[in-house]
Amino acid sequence: MSESGQGNVFITGASAGIGAATADLLVRRGYTVFAGVHTTAATPRPGLRPVPIDVTDPESVSAAAELVAAEVGGAGLRAVVNNAGIIVQGPLELVSPAELQRQFAVNTLGPAYVCRSFLPLVRAGHGRIVNISAPTARVPVPFLGPIGASKAALVSLSDALRSELAAWHIPVVVVEPGGTRTEIFTKAERVAAATMATDRAPLYGAQLAAVAKAAARQPLGPIDPVAAAVARAVAARNPKRHYAAGTGVRLFGVIAALPDPLRDRVVATAFGLTGAARKADAGNRQPTDPRLGVTEGTVPPPSAR
């Protein structure tokens, strides 16, 4: 049985990025951390115990819960942190069905599976659930629809679960990190480049170039403030429902409160899409020609191009 001065914590996606930084911080603060890892193995050390898990596979999640239960016994868990996540980006028209399914399998269904399997341990430990969201859950951003939708669904699940677990006084916390320097963005770009090679990709050339240029100007902050916010959610006697940490997250809160038309204009301007849309429209204009059945200002289907 695990014995820890501060308690036991299970974290998914703990091999890198926010998950690894949070695990390290909690170990330093006296917790025993069960580090859920998928493809990259974490190195065991005092206070940190790797646990193999594929959050998209309910059987793998159940097996991980059984392994942790055997370690912690009746002490249960102080917290479960659903951190594992991926970014699927690009125009919805070009994102493959497989990538869309992968987005929701990891970011939405994964936390749901983890909550179902680990809740007995959280209940035994008088613990809490901590789910990692994203600013795009509150502010829809063009070409980040899949990640935003998956995280918005996770926030909705968190709010519902909070009420469901109120009888046991189990808090459900959402931590919203801002732009953070991790490998997740590089991985997303590589996958997008490999999966969006279709005959319709040139349609979005001007918009994607504008978004890439705007994104290159956006500062990414360090991981430590985000890890510290997660640690606060784990340690607090009465944690808040929502913690925001990292670069730009408060600005997203301001934008989210704007009326929808104004919010859309602000987002489009911030990402350079206003000018890009004009360029795309000009590039798609064709002279009126009754023989072709194409009128000025319309975009012919790919088969006619």
# chains A, B, ... in the order shown; residues from 1 in each chain; ligands from 1

$ residues_around --residues "region 141-154 of chain A" --least-positions-apart "2" --cutoff "10 Å" --atoms "only C-alpha atoms" --output "PyMOL selection string"
chain A and resi 85-95+99-112+131-139+156-160+174+176+207-208+211+264+267-268+271+273

$ residues_around --residues "Val226 (chain A)" --least-positions-apart "2" --cutoff "12 Å" --atoms "only C-alpha atoms" --output "MDAnalysis selection string"
chainID A and resid 17:23 25 83 132:134 175:182 221:224 228:233 243:247 249

$ select_by_dssp --residues "region 131-282 of chain A" --states "strand (DSSP E)" --output "list of chain:residue names"
A:Asn131, A:Ile132, A:Val172, A:Val173, A:Val174, A:Val175, A:Glu176, A:Pro177, A:His242, A:Tyr243, A:Ala244, A:Ala245

$ write_last_selection --atoms "all heavy atoms" --output "short mmCIF file (atom, residue, chain, number, x, y, z; two decimals), in the first residue's frame"
data_model
loop_
_atom_site.label_atom_id
_atom_site.label_comp_id
_atom_site.auth_asym_id
_atom_site.auth_seq_id
_atom_site.Cartn_x
_atom_site.Cartn_y
_atom_site.Cartn_z
N ASN A 131 -9.85 18.57 -14.40
CA ASN A 131 -9.83 18.41 -15.85
C ASN A 131 -9.16 19.61 -16.51
O ASN A 131 -9.47 20.76 -16.18
CB ASN A 131 -11.26 18.27 -16.39
CG ASN A 131 -11.91 16.97 -15.96
OD1 ASN A 131 -11.23 15.96 -15.77
ND2 ASN A 131 -13.22 16.97 -15.80
N ILE A 132 -8.25 19.33 -17.44
CA ILE A 132 -7.52 20.40 -18.14
C ILE A 132 -8.27 20.77 -19.41
O ILE A 132 -8.48 19.96 -20.30
CB ILE A 132 -6.09 19.96 -18.49
CG1 ILE A 132 -5.38 19.39 -17.25
CG2 ILE A 132 -5.31 21.13 -19.07
CD1 ILE A 132 -5.26 20.36 -16.10
N VAL A 172 -15.23 19.05 -8.70
CA VAL A 172 -14.79 18.86 -10.08
C VAL A 172 -14.28 20.21 -10.57
O VAL A 172 -15.03 21.18 -10.63
CB VAL A 172 -15.92 18.34 -10.98
CG1 VAL A 172 -15.43 18.20 -12.42
CG2 VAL A 172 -16.44 17.00 -10.48
N VAL A 173 -13.00 20.24 -10.88
CA VAL A 173 -12.30 21.50 -11.18
C VAL A 173 -11.88 21.52 -12.65
O VAL A 173 -11.45 20.49 -13.19
CB VAL A 173 -11.05 21.64 -10.28
CG1 VAL A 173 -10.30 22.93 -10.57
CG2 VAL A 173 -11.44 21.56 -8.81
N VAL A 174 -11.99 22.67 -13.27
CA VAL A 174 -11.49 22.86 -14.62
C VAL A 174 -10.31 23.84 -14.56
O VAL A 174 -10.45 24.95 -14.04
CB VAL A 174 -12.58 23.42 -15.56
CG1 VAL A 174 -11.98 23.80 -16.91
CG2 VAL A 174 -13.70 22.40 -15.74
N VAL A 175 -9.17 23.41 -15.06
CA VAL A 175 -7.99 24.28 -15.17
C VAL A 175 -7.82 24.65 -16.64
O VAL A 175 -7.77 23.77 -17.51
CB VAL A 175 -6.72 23.59 -14.64
CG1 VAL A 175 -5.50 24.46 -14.90
CG2 VAL A 175 -6.86 23.29 -13.16
N GLU A 176 -7.73 25.95 -16.90
CA GLU A 176 -7.63 26.45 -18.27
C GLU A 176 -6.27 27.09 -18.50
O GLU A 176 -6.02 28.22 -18.07
CB GLU A 176 -8.74 27.47 -18.52
CG GLU A 176 -8.78 28.00 -19.93
CD GLU A 176 -9.89 29.04 -20.11
OE1 GLU A 176 -10.74 29.17 -19.21
OE2 GLU A 176 -9.89 29.72 -21.15
N PRO A 177 -5.36 26.38 -19.14
CA PRO A 177 -4.04 26.96 -19.42
C PRO A 177 -4.07 27.84 -20.65
O PRO A 177 -4.84 27.60 -21.59
CB PRO A 177 -3.16 25.74 -19.63
CG PRO A 177 -4.09 24.68 -20.10
CD PRO A 177 -5.45 24.99 -19.56
N HIS A 242 -12.89 26.82 -11.27
CA HIS A 242 -12.14 27.17 -12.47
C HIS A 242 -10.86 27.89 -12.08
O HIS A 242 -10.90 28.82 -11.28
CB HIS A 242 -13.00 28.07 -13.37
CG HIS A 242 -12.32 28.50 -14.63
ND1 HIS A 242 -11.59 29.68 -14.72
CD2 HIS A 242 -12.24 27.93 -15.86
CE1 HIS A 242 -11.11 29.80 -15.95
NE2 HIS A 242 -11.49 28.76 -16.66
N TYR A 243 -9.75 27.44 -12.64
CA TYR A 243 -8.46 28.10 -12.47
C TYR A 243 -7.94 28.47 -13.86
O TYR A 243 -7.97 27.64 -14.77
CB TYR A 243 -7.44 27.19 -11.78
CG TYR A 243 -7.72 26.91 -10.32
CD1 TYR A 243 -8.62 25.91 -9.95
CD2 TYR A 243 -7.07 27.61 -9.32
CE1 TYR A 243 -8.88 25.63 -8.61
CE2 TYR A 243 -7.31 27.34 -7.97
CZ TYR A 243 -8.22 26.36 -7.63
OH TYR A 243 -8.47 26.09 -6.30
N ALA A 244 -7.47 29.68 -14.00
CA ALA A 244 -6.87 30.13 -15.26
C ALA A 244 -5.40 30.41 -15.02
O ALA A 244 -5.03 31.03 -14.01
CB ALA A 244 -7.56 31.38 -15.79
N ALA A 245 -4.56 29.96 -15.93
CA ALA A 245 -3.11 30.17 -15.76
C ALA A 245 -2.45 30.18 -17.12
O ALA A 245 -2.83 29.43 -18.02
CB ALA A 245 -2.51 29.07 -14.89
#

$ atom_distance --atom1 "CA of Val37 (chain A)" --atom2 "CA of Ala75 (chain A)"
22.4 Å

$ atom_distance --atom1 "CA of Gly36 (chain A)" --atom2 "CA of Val114 (chain A)"
10.7 Å

$ closest_residue --among "A:Pro52, A:Gly248, A:Gly13, A:Pro219" --to "Val68 (chain A)" --atoms "only C-alpha atoms"
A:Pro52

$ closest_residue --among "A:Val55, A:Ala256, A:Leu77, A:Leu48" --to "Asn8 (chain A)" --atoms "only C-alpha atoms"
A:Leu77

$ residues_around --residues "Gly73 (chain A)" --least-positions-apart "4" --cutoff "12 Å" --atoms "only C-alpha atoms" --output "PDB file with C-alpha atoms, in the first residue's frame"
ATOM      1  CA  MET A   1       0.000   0.000   0.000  1.00  0.00           C
ATOM      2  CA  SER A   2       1.232   3.474  -0.892  1.00  0.00           C
ATOM      3  CA  GLU A   3       1.863   5.818   2.002  1.00  0.00           C
ATOM      4  CA  ASN A   8      -1.918  10.005  -3.851  1.00  0.00           C
ATOM      5  CA  ALA A  65      -7.398   1.832 -12.109  1.00  0.00           C
ATOM      6  CA  GLU A  66      -6.949  -1.700 -10.776  1.00  0.00           C
ATOM      7  CA  LEU A  67      -3.172  -1.272 -10.707  1.00  0.00           C
ATOM      8  CA  VAL A  68      -3.439   2.002  -8.788  1.00  0.00           C
ATOM      9  CA  ALA A  69      -6.053   0.546  -6.427  1.00  0.00           C
ATOM     10  CA  LEU A  77      -6.704   9.212  -4.272  1.00  0.00           C
ATOM     11  CA  PRO A 120     -14.219   4.750  -6.419  1.00  0.00           C
ATOM     12  CA  LEU A 121     -10.615   5.643  -5.529  1.00  0.00           C
ATOM     13  CA  VAL A 122     -11.432   9.370  -5.461  1.00  0.00           C
ATOM     14  CA  ALA A 124     -12.328   6.598  -0.876  1.00  0.00           C
ATOM     15  CA  GLY A 125      -9.685   9.324  -0.653  1.00  0.00           C
TER      16      GLY A 125
END

$ residues_around --residues "Arg45 (chain A)" --least-positions-apart "4" --cutoff "10 Å" --atoms "only C-alpha atoms" --output "JSON, numbers by chain"
{"A": [27, 49, 50]}

$ select_by_dssp --residues "region 25-241 of chain A" --states "helix (DSSP H, G or I)" --output "PyMOL selection string"
chain A and resi 25-28+58-75+97-124+135-137+145-164+166-168+184-195+201-217+224-235

$ write_last_selection --atoms "C-alpha atoms" --output "tab-separated table (two decimals), in the first residue's frame"
chain	number	residue	atom	x	y	z
A	25	LEU	CA	5.93	19.61	-8.71
A	26	LEU	CA	3.55	17.38	-6.75
A	27	VAL	CA	6.32	14.88	-5.98
A	28	ARG	CA	8.45	17.74	-4.63
A	58	PRO	CA	-11.87	1.63	-21.64
A	59	GLU	CA	-10.23	-1.71	-20.86
A	60	SER	CA	-6.80	-0.08	-20.57
A	61	VAL	CA	-8.27	2.57	-18.28
A	62	SER	CA	-9.90	-0.08	-16.08
A	63	ALA	CA	-6.62	-1.99	-15.87
A	64	ALA	CA	-4.81	1.19	-14.83
A	65	ALA	CA	-7.40	1.83	-12.11
A	66	GLU	CA	-6.95	-1.70	-10.78
A	67	LEU	CA	-3.17	-1.27	-10.71
A	68	VAL	CA	-3.44	2.00	-8.79
A	69	ALA	CA	-6.05	0.55	-6.43
A	70	ALA	CA	-3.69	-2.29	-5.54
A	71	GLU	CA	-1.04	0.30	-4.64
A	72	VAL	CA	-3.09	2.82	-2.66
A	73	GLY	CA	-5.47	0.44	-0.91
A	74	GLY	CA	-8.01	2.13	1.32
A	75	ALA	CA	-6.19	5.46	1.20
A	97	PRO	CA	-12.90	11.58	-40.05
A	98	ALA	CA	-10.18	9.53	-38.35
A	99	GLU	CA	-8.55	12.69	-36.96
A	100	LEU	CA	-11.88	14.04	-35.74
A	101	GLN	CA	-12.57	10.78	-33.96
A	102	ARG	CA	-9.08	10.79	-32.45
A	103	GLN	CA	-9.60	14.35	-31.18
A	104	PHE	CA	-12.71	13.48	-29.20
A	105	ALA	CA	-11.45	10.03	-28.19
A	106	VAL	CA	-8.47	11.54	-26.37
A	107	ASN	CA	-9.81	14.89	-25.14
A	108	THR	CA	-13.43	14.08	-24.26
A	109	LEU	CA	-14.08	10.36	-24.06
A	110	GLY	CA	-10.73	9.67	-22.39
A	111	PRO	CA	-11.48	11.82	-19.32
A	112	ALA	CA	-14.96	10.30	-19.15
A	113	TYR	CA	-13.51	6.78	-19.10
A	114	VAL	CA	-10.95	7.80	-16.46
A	115	CYS	CA	-13.61	9.36	-14.24
A	116	ARG	CA	-15.80	6.25	-14.45
A	117	SER	CA	-13.00	3.87	-13.51
A	118	PHE	CA	-11.18	6.00	-10.92
A	119	LEU	CA	-14.13	7.54	-9.06
A	120	PRO	CA	-14.22	4.75	-6.42
A	121	LEU	CA	-10.61	5.64	-5.53
A	122	VAL	CA	-11.43	9.37	-5.46
A	123	ARG	CA	-14.44	8.71	-3.24
A	124	ALA	CA	-12.33	6.60	-0.88
A	135	PRO	CA	-9.29	28.81	-23.96
A	136	THR	CA	-10.76	27.64	-27.28
A	137	ALA	CA	-13.50	25.91	-25.27
A	145	GLY	CA	-12.67	23.86	-34.26
A	146	PRO	CA	-11.90	20.23	-33.34
A	147	ILE	CA	-9.80	21.04	-30.26
A	148	GLY	CA	-12.23	23.76	-29.16
A	149	ALA	CA	-15.26	21.51	-29.54
A	150	SER	CA	-13.61	18.63	-27.69
A	151	LYS	CA	-12.66	20.86	-24.77
A	152	ALA	CA	-16.06	22.58	-24.69
A	153	ALA	CA	-17.60	19.12	-24.40
A	154	LEU	CA	-15.18	18.32	-21.57
A	155	VAL	CA	-16.19	21.49	-19.71
A	156	SER	CA	-19.85	20.57	-20.11
A	157	LEU	CA	-19.17	17.07	-18.78
A	158	SER	CA	-17.27	18.60	-15.86
A	159	ASP	CA	-20.17	20.88	-14.94
A	160	ALA	CA	-22.64	18.01	-15.04
A	161	LEU	CA	-20.34	15.71	-13.08
A	162	ARG	CA	-19.88	18.37	-10.39
A	163	SER	CA	-23.59	18.21	-9.60
A	164	GLU	CA	-23.69	14.43	-9.80
A	166	ALA	CA	-22.11	16.81	-4.86
A	167	ALA	CA	-23.61	14.18	-2.55
A	168	TRP	CA	-20.07	12.96	-1.79
A	184	ILE	CA	1.79	19.57	-28.43
A	185	PHE	CA	1.72	22.41	-30.98
A	186	THR	CA	4.60	20.99	-33.03
A	187	LYS	CA	2.95	17.57	-33.09
A	188	ALA	CA	-0.34	19.12	-34.19
A	189	GLU	CA	1.34	20.94	-37.08
A	190	ARG	CA	3.06	17.77	-38.27
A	191	VAL	CA	-0.17	15.77	-38.24
A	192	ALA	CA	-2.12	18.56	-39.94
A	193	ALA	CA	0.48	18.81	-42.72
A	194	ALA	CA	0.27	15.07	-43.30
A	195	THR	CA	-3.51	14.70	-43.20
A	201	ALA	CA	-6.39	22.53	-49.61
A	202	PRO	CA	-5.51	25.44	-51.96
A	203	LEU	CA	-8.93	26.92	-51.21
A	204	TYR	CA	-7.68	27.79	-47.73
A	205	GLY	CA	-4.17	28.86	-48.68
A	206	ALA	CA	-4.59	32.58	-47.92
A	207	GLN	CA	-6.44	31.99	-44.65
A	208	LEU	CA	-3.99	29.38	-43.36
A	209	ALA	CA	-1.03	31.58	-44.25
A	210	ALA	CA	-2.60	34.48	-42.33
A	211	VAL	CA	-3.30	32.30	-39.29
A	212	ALA	CA	0.25	30.90	-39.34
A	213	LYS	CA	1.68	34.41	-39.48
A	214	ALA	CA	-0.51	35.56	-36.59
A	215	ALA	CA	0.29	32.45	-34.54
A	216	ALA	CA	4.02	33.04	-35.00
A	217	ARG	CA	3.61	36.39	-33.27
A	224	ASP	CA	5.48	26.28	-14.44
A	225	PRO	CA	2.49	28.62	-13.81
A	226	VAL	CA	0.12	26.05	-15.27
A	227	ALA	CA	1.60	23.24	-13.17
A	228	ALA	CA	1.29	25.49	-10.12
A	229	ALA	CA	-2.41	26.10	-10.87
A	230	VAL	CA	-3.05	22.36	-11.10
A	231	ALA	CA	-1.18	21.85	-7.82
A	232	ARG	CA	-3.38	24.50	-6.17
A	233	ALA	CA	-6.48	22.70	-7.39
A	234	VAL	CA	-5.12	19.45	-5.93
A	235	ALA	CA	-4.12	20.94	-2.57

$ atom_distance --atom1 "CA of Gly76 (chain A)" --atom2 "CA of Lys240 (chain A)"
21.7 Å
